[in-house]
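Trainee: Structure in structure tokens, see below.
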Amino acid sequence: MLEEDSLFHYRNLALVEVDHDSLTPHRRRAVERFALAGGRLLIRDERPEVPYAWAWYAEARRAGATEAVPLGDGLVYAPMVKLDTTESHGFFTTALAPAAPAELPPAAPRWDRFQVEVLDDDIYEPMEMEVLPGGEVLFLERRGKMKLYDPFRHTTTVVKDFAVCTEGNYEDGLHGLALDPGYGKENHYIYLYYSPAPCDSTDQLLSRWEFRSGELVEDSETEVLRVAVQRETCCHSGGSVEFGPDGLLYLSTGDNTSSKASDGYSPIDERPGRSPWDAQKSSGNTHDLRGKILRIRPLAEGGYEVPEGNLFPADGSAGRPEIYVMGARNPFRIAIDPWSNYLYWGDVGPDVGEPGKYGPESYDEWNQAREAGNFGWPYFVGDNFAFRQRDFATDEVGDYFDPTAPINESPYNYGSRELPPAQPALMWYPYGPSEEFPQLGQGSRSAMAGPFYDTERLYPIAGRALPAYYHGKWFIYEWARSWVKVVTLDSARQEIVQIEDFLPEVPISKPIDFKIGRDGAIYLLEYGNDYFLNNPDARLVRITYSEGNRPPIAKLDIDETAGGVPFRPKLSAAGSSDPDPRDRLSYRWYVDGEPAGTGVEVTPVISRAGKHAVRLEVYDRLGARSEATRVVTAGNARPRVALVADGNTSFLFADRTALDYRTSVEDTEDAAAGTLDARQTVVNAAWVSDARLADGIRRGERQLPAGDLRYAAGETLIEASDCYTCHKERSENVGPSFVQVAEHYDDETATVATLAKKVIRGGNGVWGERLMSAHPTLSEEDARTMVGYILSLNNGGRMPLSGTARPGEGEGSYVLAATYRDGGGDGDTPPLVGQGVIVLRPPTLQAEEAADGLYRAVVPGSGQPNAFQVVAFRPGGRMRMANIDLTDVGSLSLHLYPRSSGEIELRLGAPEGKVLASQSVAGRKEWNDYTDVVLDLPQRNERGDLYLIWKGEGGLVADDMGHHRPADIGWIDYLTFHRAKQTARYTSLK
């Protein structure tokens with residue numbers, strides 16, 4: 001109803017304790033425009049105001065708290081006491097519904113009007129990018145490659161592979177990129193900030209290059225500025241380069257300080273030889289360029305000049321004159337407001353999850369500099385929360401630092417002792433929920449400042465630019481939490497008014513740069529999940545907006561992403577769709593850039609070992625296109641693991657105490673290499689209480705975790721957390737592999753409890769200087785489950801290849817699994833895991849849990865009768881139960897409510913398949929008058945999909961809006977499979 005095209009048909013609207021996050025921005029703006037256009041809005045909401053959630057709604061509540069007040073051409077009333085019926089009717093009107101005059105604020109877009117197109121998904125540690133005037137995207141990889149994406153050829157080429165240093169401070173490399181303000185008109189200059197090799201150089205270099213016709217002009221490099229650094233140890237390189245509207249260049253630099261030996265608090269270690277662990281040498285040093293944002297004007301002949309208005313005088317007496325902002329930790333992405341010329345940046349904070357004797361808990365920040373200033377690090381964080389003086393030799397602490405008069409007395413400080421007053425952050429947030437800024441969520445943190453949207457600087461390209469609703473707004477993004485949000489500022493462009501979601505349902509993986517092109521589209525670089533790795537989910541995407549015809553949505557499905565040679569993957573575009581009704585789609589397939597077919601499904605033959613790029617292009621009847629890409633690997637087929645068991649393998653009947661099984665393994669590549677060893681197969685069994693995991697395994701949608709199945713829930717928790725950003729199962733990354741952790745510790749209860757607390761609080765010391773971030777939002781129970789899973793990886797609860805499993809009693813489903821990891825194949829193709837799985841569910845299932853597919857049947861949602869508790873059927877509706885083993889099953893009973901008389905059928909294999917049983921059901925008058933229906937089944941030693949079909953006549957019912965629809969014929973509450981008395985054998989082969 002709260003859609004603009006329907007809302008304006010009404011005269012009056014009442015909002016009763018509306019949840020702010022239940023209304024998308026376009027529905028909120030529809031309400032605003034409705035009231036401003038002449039509608040009458042009654043608000044009943046006694047809850048406290050949520051800061052920055054919905055600014056207009058909060059203002060309307062305050063304005064109309066005591067009486068109805070005009071708001072535009074409309075009327076708003078938000079009484080703090082409940083109105084009686086007469087008062088309510090007196091406020092509402094019978095006048096004509098309001099029209100939408102042209103002077104209203106622009107409507108907000110529906111999210112289904114945005115399209116996400118993957119431009120390149122073969123990227124290794126992306127950093128910064130620029131969108132060129134012609135639409136090409138020039139971007140950097142940290143390890144040295146500059147690449148160019150061509151939107152006309154849909155290809156990416158390497159422009160230059162720079163020799164960069166990535167040792168010592170292993171965050172160094174090729175970092176920053178900016179176009180000169182006159183690029184394409186007055187010159188072809190670009191600016192790069194990088195770590196030139198060899199590593200015995202201790203300078204970061206900002207230089208200017210010429211970039212013409214897709215090529216970097218050799219020998220055109222002109223040095224602009226050098227930043228002296230240490231390369232003894234990690235971290236924090238910063239490296240964002242941006243130009244302001246006044247033509248000044250801004251460069252962010254990190255504090256170049258290890259954060260891994262200060263317990264997650266401020267690194268101010270003044271002991272001899274500890275300079276790399278003391279940020280007072282850099283961020284807190286007025287005469288050092290690290291931990292700063294510099295502001296300069298590059299000169300045509302090279303070098304630069306210092307503009308007026310920086311933090312220190314031009315003579316350098318009080319500090320380096322290039323410094324505009326000091327007191328930064330790792331200002332990784334910066335932006336300049338084109339209207340106010342204010343500087344914004346995200347600053348990545350330290351790593352402790354709770355306050356302690358050394359100071360406050362950790363915060364990330366978004367900052368705003370209206371003028372030059374000191375923003376506090378390493379003495380303050382967030383809203384000027386102060387750390388304490390600390391003696392790292394004795395572990396004694398002193399006074400809290402004073403934000404009004406910070407003092408730097410470090411022996412590694414060669415600048416001023418007395419520092420400028422510290423400025424508080426514009427926004428700050430911890431690991432846990434933020435009281436001040438609740439829209440920012442919780443979890444790991446890495447704040448990034450994105451661009452401002454200005455419709456006046458766009459090329460007139462129809463059908464692509466963001467809508468006018470976003471004009472003047474600021475985009476921020478979060479690397480660790482993988483989201484983008486939109487910030488509205490006040491008319492003075494100084495204070496935050498509102499923070500709202502942007503495309504929250506679109507999955508993104510660690511956004512590391514965000515640009516808006518002259519075409520008005522968003523270009524997003526995604527780093528991918530893991531630090532410092534060639535992530536398969538790293539990619540360059542373009543987000544566009546369509547007011548009219550929308551391009552189709554390409555969906556590429558593959559039955560198997562790896563196989564031997566020749567490899568014949570089955571590719572399908574059947575899941576592709578078009579958001580506009582009645583559009584016809586056509587398809588084009590490519591493998592490694594070569595045409596591979598035009599059908600909905602194709603099966604190419606791949607004869608060369610290695611990785612191969614598969615691309616699907618989907619076109620609608622007007623020529624709008626989208627594409628999807630995947631990578632398949634030829635040279636190694638997945639192992640075939642057979643798990644054979646006696647009796648029924650779908651349900652664990654009450655009288656069943658033992659399960660006899662045996663396992664066998666086949667692997668073509670291992671057999672050819674003489675390395676096939678079935679004894680390496682891991683067999684284990686356990687009760688799995690996580691219903692989603694058990695169902696995913698049963699349906700083939702989820703892989704079993706590698707560890708002991710008793711801790712399977714731990715793997716699910718790890719998958720949902722940020723653990724895989726720093727850890728891999730079998731190889732080191734930032735932190736040790738999980739297998740290394742498992743080999744290092746025993747799995748005693750006390751050890752699990754100790755490590756669980758460390759996961760929550762964070763810490764370092766066991767694995768050198770590597771620091772584990774805090775996870776304060778985890779419960780101790782969840783943390784113990786996660787640790788239990790990790791410690792089980794070198795054990796696995798192994799059972800013999802053949803034997804007897806004894807389930808006993810447990811909660812959820814009993815899972816028996818056999819797993820074999822092969823040795824890889826031709827062309828250095830990676831190892832693959834094959835599994836055989838048997839999932840035994842309880843024979844009594846809630847209907848909504850038993851359903852693997854519904855047609856003309858639904859699980860009622862929130863606010864409906866029996867919400868989330870039954871499956872409701874319309875006449876002819878059906879419920880599919882996938883891959884059911886009928887061995888030993890004698891009957892199926894249904895606990896149901898029949899609203900009308902009808903007939904229930906159970907069919908095998910398809911909706912029109914063989915009828916196994918049927919039963920007539922008489923309708924009941926009372927809505928809760930349940931009955932039990934028993935379907936006797938013939939003895940069948942086979943398995944397949946079962947279809948439960950309910951036929952009959954349900955009549956019509958009217959909904960709240962007066963619209964008629966077919967009525968439900970009834971609903972099923974739960975069902976039970978009953979055991980017969982014979983046994984048979986079933987094989988699970990996956």
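In the structure tokens, chains take letters A, B, ... by order of appearance, with residues numbered from 1 within each chain and ligands from 1 in the order shown.
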Give me the residues near range 12-29 of chain A as a list in words, where near means some atom within 7 Å (using only C-alpha atoms) and where sequence neighbours in that chain fewer than 5 positions away do not count.

Mentor: Leu2, Glu3, Gly39, Arg40, Leu41, Leu42, Ile43, Arg44, Asp45, Ala53, Trp54, Phe92, Thr93, Ala107, Ala108, Pro109 and Arg110 of chain A

Trainee: Can you spit out the residues from that selection as a short mmCIF file (atom, residue, chain, number, x, y, z; two decimals), in the first residue's frame, using C-alpha atoms?

Mentor:
data_model
loop_
_atom_site.label_atom_id
_atom_site.label_comp_id
_atom_site.auth_asym_id
_atom_site.auth_seq_id
_atom_site.Cartn_x
_atom_site.Cartn_y
_atom_site.Cartn_z
CA LEU A 2 2.83 2.45 0.81
CA GLU A 3 3.86 2.61 -2.82
CA GLY A 39 -2.75 14.13 2.46
CA ARG A 40 -3.58 13.83 6.13
CA LEU A 41 -1.15 11.81 8.24
CA LEU A 42 -1.90 10.55 11.74
CA ILE A 43 1.11 9.20 13.66
CA ARG A 44 0.77 7.08 16.79
CA ASP A 45 4.19 6.32 18.21
CA ALA A 53 16.77 6.76 11.17
CA TRP A 54 14.07 8.82 9.40
CA PHE A 92 -9.37 12.69 8.75
CA THR A 93 -10.94 14.19 5.65
CA ALA A 107 10.77 10.37 -5.27
CA ALA A 108 13.17 7.77 -3.92
CA PRO A 109 13.92 4.84 -6.22
CA ARG A 110 12.71 1.31 -5.81
#

Trainee: Mind dumping a table of every range 608-673 of chain A residue within 12 Å of range 695-704 of chain A, with the nearest atom pair and its distance in Å to one decimal, using only C-alpha atoms, sorted by chain and rising number, as a tab-separated table?

Mentor:
residue	atom	partner	partner_atom	distance
A:Thr649	CA	A:Arg698	CA	10.9
A:Ser650	CA	A:Arg698	CA	9.1
A:Phe651	CA	A:Arg698	CA	11.7

Trainee: Of the candidates A:Val486, A:Val839, A:Val915, A:Ile972, which one gets nearest to Phe868 in chain A if we count only C-alpha atoms?

Mentor: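 Using only C-alpha atoms, Phe868 in chain A sits closest to A:Ile972.
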
Trainee: When distances are computed from only C-alpha atoms, which of A:Leu148, A:Leu886, A:Ala393, A:Ala671 shows the smallest separation from Pro272 in chain A?

Mentor: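 The shortest atom-to-atom distance to Pro272 in chain A comes from A:Ala393.
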
Trainee: Find the spatial neighbours of Ser779 in chain A, counting only C-alpha atoms, within a cut-off of 12 Å - ignore same-chain residues fewer than 5 positions away - and output them as a PDB file with C-alpha atoms, in the first residue's frame.

Mentor:
ATOM      1  CA  GLY A 432      29.005  -4.126  19.086  1.00  0.00           C
ATOM      2  CA  LEU A 717      28.877 -19.772  12.988  1.00  0.00           C
ATOM      3  CA  ALA A 753      36.616 -22.208  27.403  1.00  0.00           C
ATOM      4  CA  ALA A 756      36.443 -18.971  23.482  1.00  0.00           C
ATOM      5  CA  LYS A 757      37.098 -16.018  25.778  1.00  0.00           C
ATOM      6  CA  VAL A 759      37.913 -15.115  20.516  1.00  0.00           C
ATOM      7  CA  ILE A 760      35.491 -12.716  22.212  1.00  0.00           C
ATOM      8  CA  ARG A 761      38.109 -10.362  23.645  1.00  0.00           C
ATOM      9  CA  ARG A 784      32.870 -22.418  22.478  1.00  0.00           C
ATOM     10  CA  THR A 785      31.049 -24.133  19.614  1.00  0.00           C
ATOM     11  CA  MET A 786      33.292 -22.401  17.075  1.00  0.00           C
TER      12      MET A 786
END

Trainee: Which residues, written as a PDB file with N, CA, C and O atoms, in the first residue's frame, have at least one atom at most 12 Å from Ser416 in chain A, with only C-alpha atoms counted and residues fewer than 2 positions away on the same chain left out?

Mentor:
ATOM      1  N   GLN A 280      53.364   7.444  18.183  1.00  0.00           N
ATOM      2  CA  GLN A 280      53.706   8.826  18.485  1.00  0.00           C
ATOM      3  C   GLN A 280      54.783   9.352  17.541  1.00  0.00           C
ATOM      4  O   GLN A 280      54.936  10.554  17.353  1.00  0.00           O
ATOM      5  N   LYS A 281      55.556   8.427  16.931  1.00  0.00           N
ATOM      6  CA  LYS A 281      56.604   8.830  15.985  1.00  0.00           C
ATOM      7  C   LYS A 281      56.007   9.335  14.681  1.00  0.00           C
ATOM      8  O   LYS A 281      56.688   9.985  13.885  1.00  0.00           O
ATOM      9  N   SER A 282      54.728   8.963  14.420  1.00  0.00           N
ATOM     10  CA  SER A 282      54.124   9.231  13.115  1.00  0.00           C
ATOM     11  C   SER A 282      52.852  10.057  13.268  1.00  0.00           C
ATOM     12  O   SER A 282      52.871  11.277  13.092  1.00  0.00           O
ATOM     13  N   GLY A 284      51.276  11.156  15.832  1.00  0.00           N
ATOM     14  CA  GLY A 284      51.368  12.204  16.836  1.00  0.00           C
ATOM     15  C   GLY A 284      52.545  13.138  16.658  1.00  0.00           C
ATOM     16  O   GLY A 284      52.821  13.962  17.538  1.00  0.00           O
ATOM     17  N   ASN A 285      53.244  13.040  15.527  1.00  0.00           N
ATOM     18  CA  ASN A 285      54.465  13.801  15.283  1.00  0.00           C
ATOM     19  C   ASN A 285      54.170  14.898  14.264  1.00  0.00           C
ATOM     20  O   ASN A 285      53.828  14.619  13.109  1.00  0.00           O
ATOM     21  N   THR A 286      54.299  16.135  14.670  1.00  0.00           N
ATOM     22  CA  THR A 286      53.976  17.265  13.794  1.00  0.00           C
ATOM     23  C   THR A 286      54.917  17.371  12.606  1.00  0.00           C
ATOM     24  O   THR A 286      54.582  18.029  11.613  1.00  0.00           O
ATOM     25  N   HIS A 287      56.099  16.759  12.687  1.00  0.00           N
ATOM     26  CA  HIS A 287      57.093  16.888  11.635  1.00  0.00           C
ATOM     27  C   HIS A 287      57.250  15.611  10.808  1.00  0.00           C
ATOM     28  O   HIS A 287      58.252  15.455  10.093  1.00  0.00           O
ATOM     29  N   ASP A 288      56.304  14.710  10.893  1.00  0.00           N
ATOM     30  CA  ASP A 288      56.336  13.455  10.150  1.00  0.00           C
ATOM     31  C   ASP A 288      55.084  13.389   9.283  1.00  0.00           C
ATOM     32  O   ASP A 288      54.001  13.815   9.706  1.00  0.00           O
ATOM     33  N   PHE A 312      49.908  23.749   9.677  1.00  0.00           N
ATOM     34  CA  PHE A 312      51.101  24.426  10.198  1.00  0.00           C
ATOM     35  C   PHE A 312      51.594  25.476   9.204  1.00  0.00           C
ATOM     36  O   PHE A 312      51.323  25.392   7.997  1.00  0.00           O
ATOM     37  N   GLY A 316      57.466  25.686   8.103  1.00  0.00           N
ATOM     38  CA  GLY A 316      57.793  24.403   8.711  1.00  0.00           C
ATOM     39  C   GLY A 316      58.248  24.487  10.152  1.00  0.00           C
ATOM     40  O   GLY A 316      58.667  23.468  10.728  1.00  0.00           O
ATOM     41  N   SER A 317      58.157  25.644  10.778  1.00  0.00           N
ATOM     42  CA  SER A 317      58.674  25.802  12.137  1.00  0.00           C
ATOM     43  C   SER A 317      57.862  25.017  13.167  1.00  0.00           C
ATOM     44  O   SER A 317      58.420  24.494  14.142  1.00  0.00           O
ATOM     45  N   ALA A 318      56.550  24.913  12.954  1.00  0.00           N
ATOM     46  CA  ALA A 318      55.695  24.232  13.930  1.00  0.00           C
ATOM     47  C   ALA A 318      55.299  22.832  13.487  1.00  0.00           C
ATOM     48  O   ALA A 318      54.754  22.058  14.277  1.00  0.00           O
ATOM     49  N   GLY A 319      55.580  22.507  12.241  1.00  0.00           N
ATOM     50  CA  GLY A 319      55.214  21.206  11.717  1.00  0.00           C
ATOM     51  C   GLY A 319      55.335  21.210  10.211  1.00  0.00           C
ATOM     52  O   GLY A 319      55.495  22.271   9.574  1.00  0.00           O
ATOM     53  N   ARG A 320      55.258  20.037   9.596  1.00  0.00           N
ATOM     54  CA  ARG A 320      55.371  19.966   8.144  1.00  0.00           C
ATOM     55  C   ARG A 320      54.207  20.726   7.512  1.00  0.00           C
ATOM     56  O   ARG A 320      53.027  20.464   7.803  1.00  0.00           O
ATOM     57  N   PRO A 406      46.929  17.875  24.163  1.00  0.00           N
ATOM     58  CA  PRO A 406      47.723  16.634  24.106  1.00  0.00           C
ATOM     59  C   PRO A 406      49.221  16.933  24.066  1.00  0.00           C
ATOM     60  O   PRO A 406      49.666  17.913  23.469  1.00  0.00           O
ATOM     61  N   ILE A 407      49.978  16.049  24.730  1.00  0.00           N
ATOM     62  CA  ILE A 407      51.437  16.193  24.823  1.00  0.00           C
ATOM     63  C   ILE A 407      52.083  14.932  24.257  1.00  0.00           C
ATOM     64  O   ILE A 407      51.683  13.813  24.584  1.00  0.00           O
ATOM     65  N   ASN A 408      53.106  15.107  23.416  1.00  0.00           N
ATOM     66  CA  ASN A 408      53.855  13.987  22.851  1.00  0.00           C
ATOM     67  C   ASN A 408      55.276  14.011  23.424  1.00  0.00           C
ATOM     68  O   ASN A 408      56.099  14.828  23.016  1.00  0.00           O
ATOM     69  N   GLU A 409      55.541  13.119  24.388  1.00  0.00           N
ATOM     70  CA  GLU A 409      56.853  13.058  25.028  1.00  0.00           C
ATOM     71  C   GLU A 409      57.603  11.787  24.652  1.00  0.00           C
ATOM     72  O   GLU A 409      58.517  11.366  25.349  1.00  0.00           O
ATOM     73  N   SER A 410      57.235  11.177  23.538  1.00  0.00           N
ATOM     74  CA  SER A 410      57.913   9.964  23.102  1.00  0.00           C
ATOM     75  C   SER A 410      59.346  10.271  22.675  1.00  0.00           C
ATOM     76  O   SER A 410      59.601  11.297  22.023  1.00  0.00           O
ATOM     77  N   PRO A 411      60.285   9.395  22.986  1.00  0.00           N
ATOM     78  CA  PRO A 411      61.666   9.593  22.498  1.00  0.00           C
ATOM     79  C   PRO A 411      61.750   9.483  20.969  1.00  0.00           C
ATOM     80  O   PRO A 411      62.756   9.897  20.386  1.00  0.00           O
ATOM     81  N   TYR A 412      60.722   8.930  20.330  1.00  0.00           N
ATOM     82  CA  TYR A 412      60.719   8.801  18.879  1.00  0.00           C
ATOM     83  C   TYR A 412      60.039   9.985  18.203  1.00  0.00           C
ATOM     84  O   TYR A 412      59.897  10.004  16.976  1.00  0.00           O
ATOM     85  N   ASN A 413      59.598  10.957  18.974  1.00  0.00           N
ATOM     86  CA  ASN A 413      59.006  12.167  18.413  1.00  0.00           C
ATOM     87  C   ASN A 413      60.099  13.201  18.179  1.00  0.00           C
ATOM     88  O   ASN A 413      60.802  13.592  19.100  1.00  0.00           O
ATOM     89  N   TYR A 414      60.246  13.631  16.951  1.00  0.00           N
ATOM     90  CA  TYR A 414      61.209  14.684  16.653  1.00  0.00           C
ATOM     91  C   TYR A 414      60.495  15.980  16.247  1.00  0.00           C
ATOM     92  O   TYR A 414      61.097  16.882  15.658  1.00  0.00           O
ATOM     93  N   GLU A 418      54.003  19.913  22.271  1.00  0.00           N
ATOM     94  CA  GLU A 418      52.610  20.308  22.481  1.00  0.00           C
ATOM     95  C   GLU A 418      51.875  20.250  21.146  1.00  0.00           C
ATOM     96  O   GLU A 418      52.292  20.870  20.167  1.00  0.00           O
ATOM     97  N   LEU A 419      50.773  19.521  21.134  1.00  0.00           N
ATOM     98  CA  LEU A 419      50.042  19.268  19.901  1.00  0.00           C
ATOM     99  C   LEU A 419      48.751  20.087  19.863  1.00  0.00           C
ATOM    100  O   LEU A 419      48.229  20.480  20.911  1.00  0.00           O
ATOM    101  N   PRO A 420      48.204  20.312  18.676  1.00  0.00           N
ATOM    102  CA  PRO A 420      46.907  21.001  18.580  1.00  0.00           C
ATOM    103  C   PRO A 420      45.820  20.204  19.287  1.00  0.00           C
ATOM    104  O   PRO A 420      45.909  18.971  19.410  1.00  0.00           O
TER     105      PRO A 420
END

Trainee: So which one's closest to Val224 in chain A, A:Leu192, A:Ile293, A:Ala672, A:Ala851? Using only C-alpha atoms, please.

Mentor: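 Once distances to Val224 in chain A are computed over only C-alpha atoms, the minimum belongs to A:Leu192.
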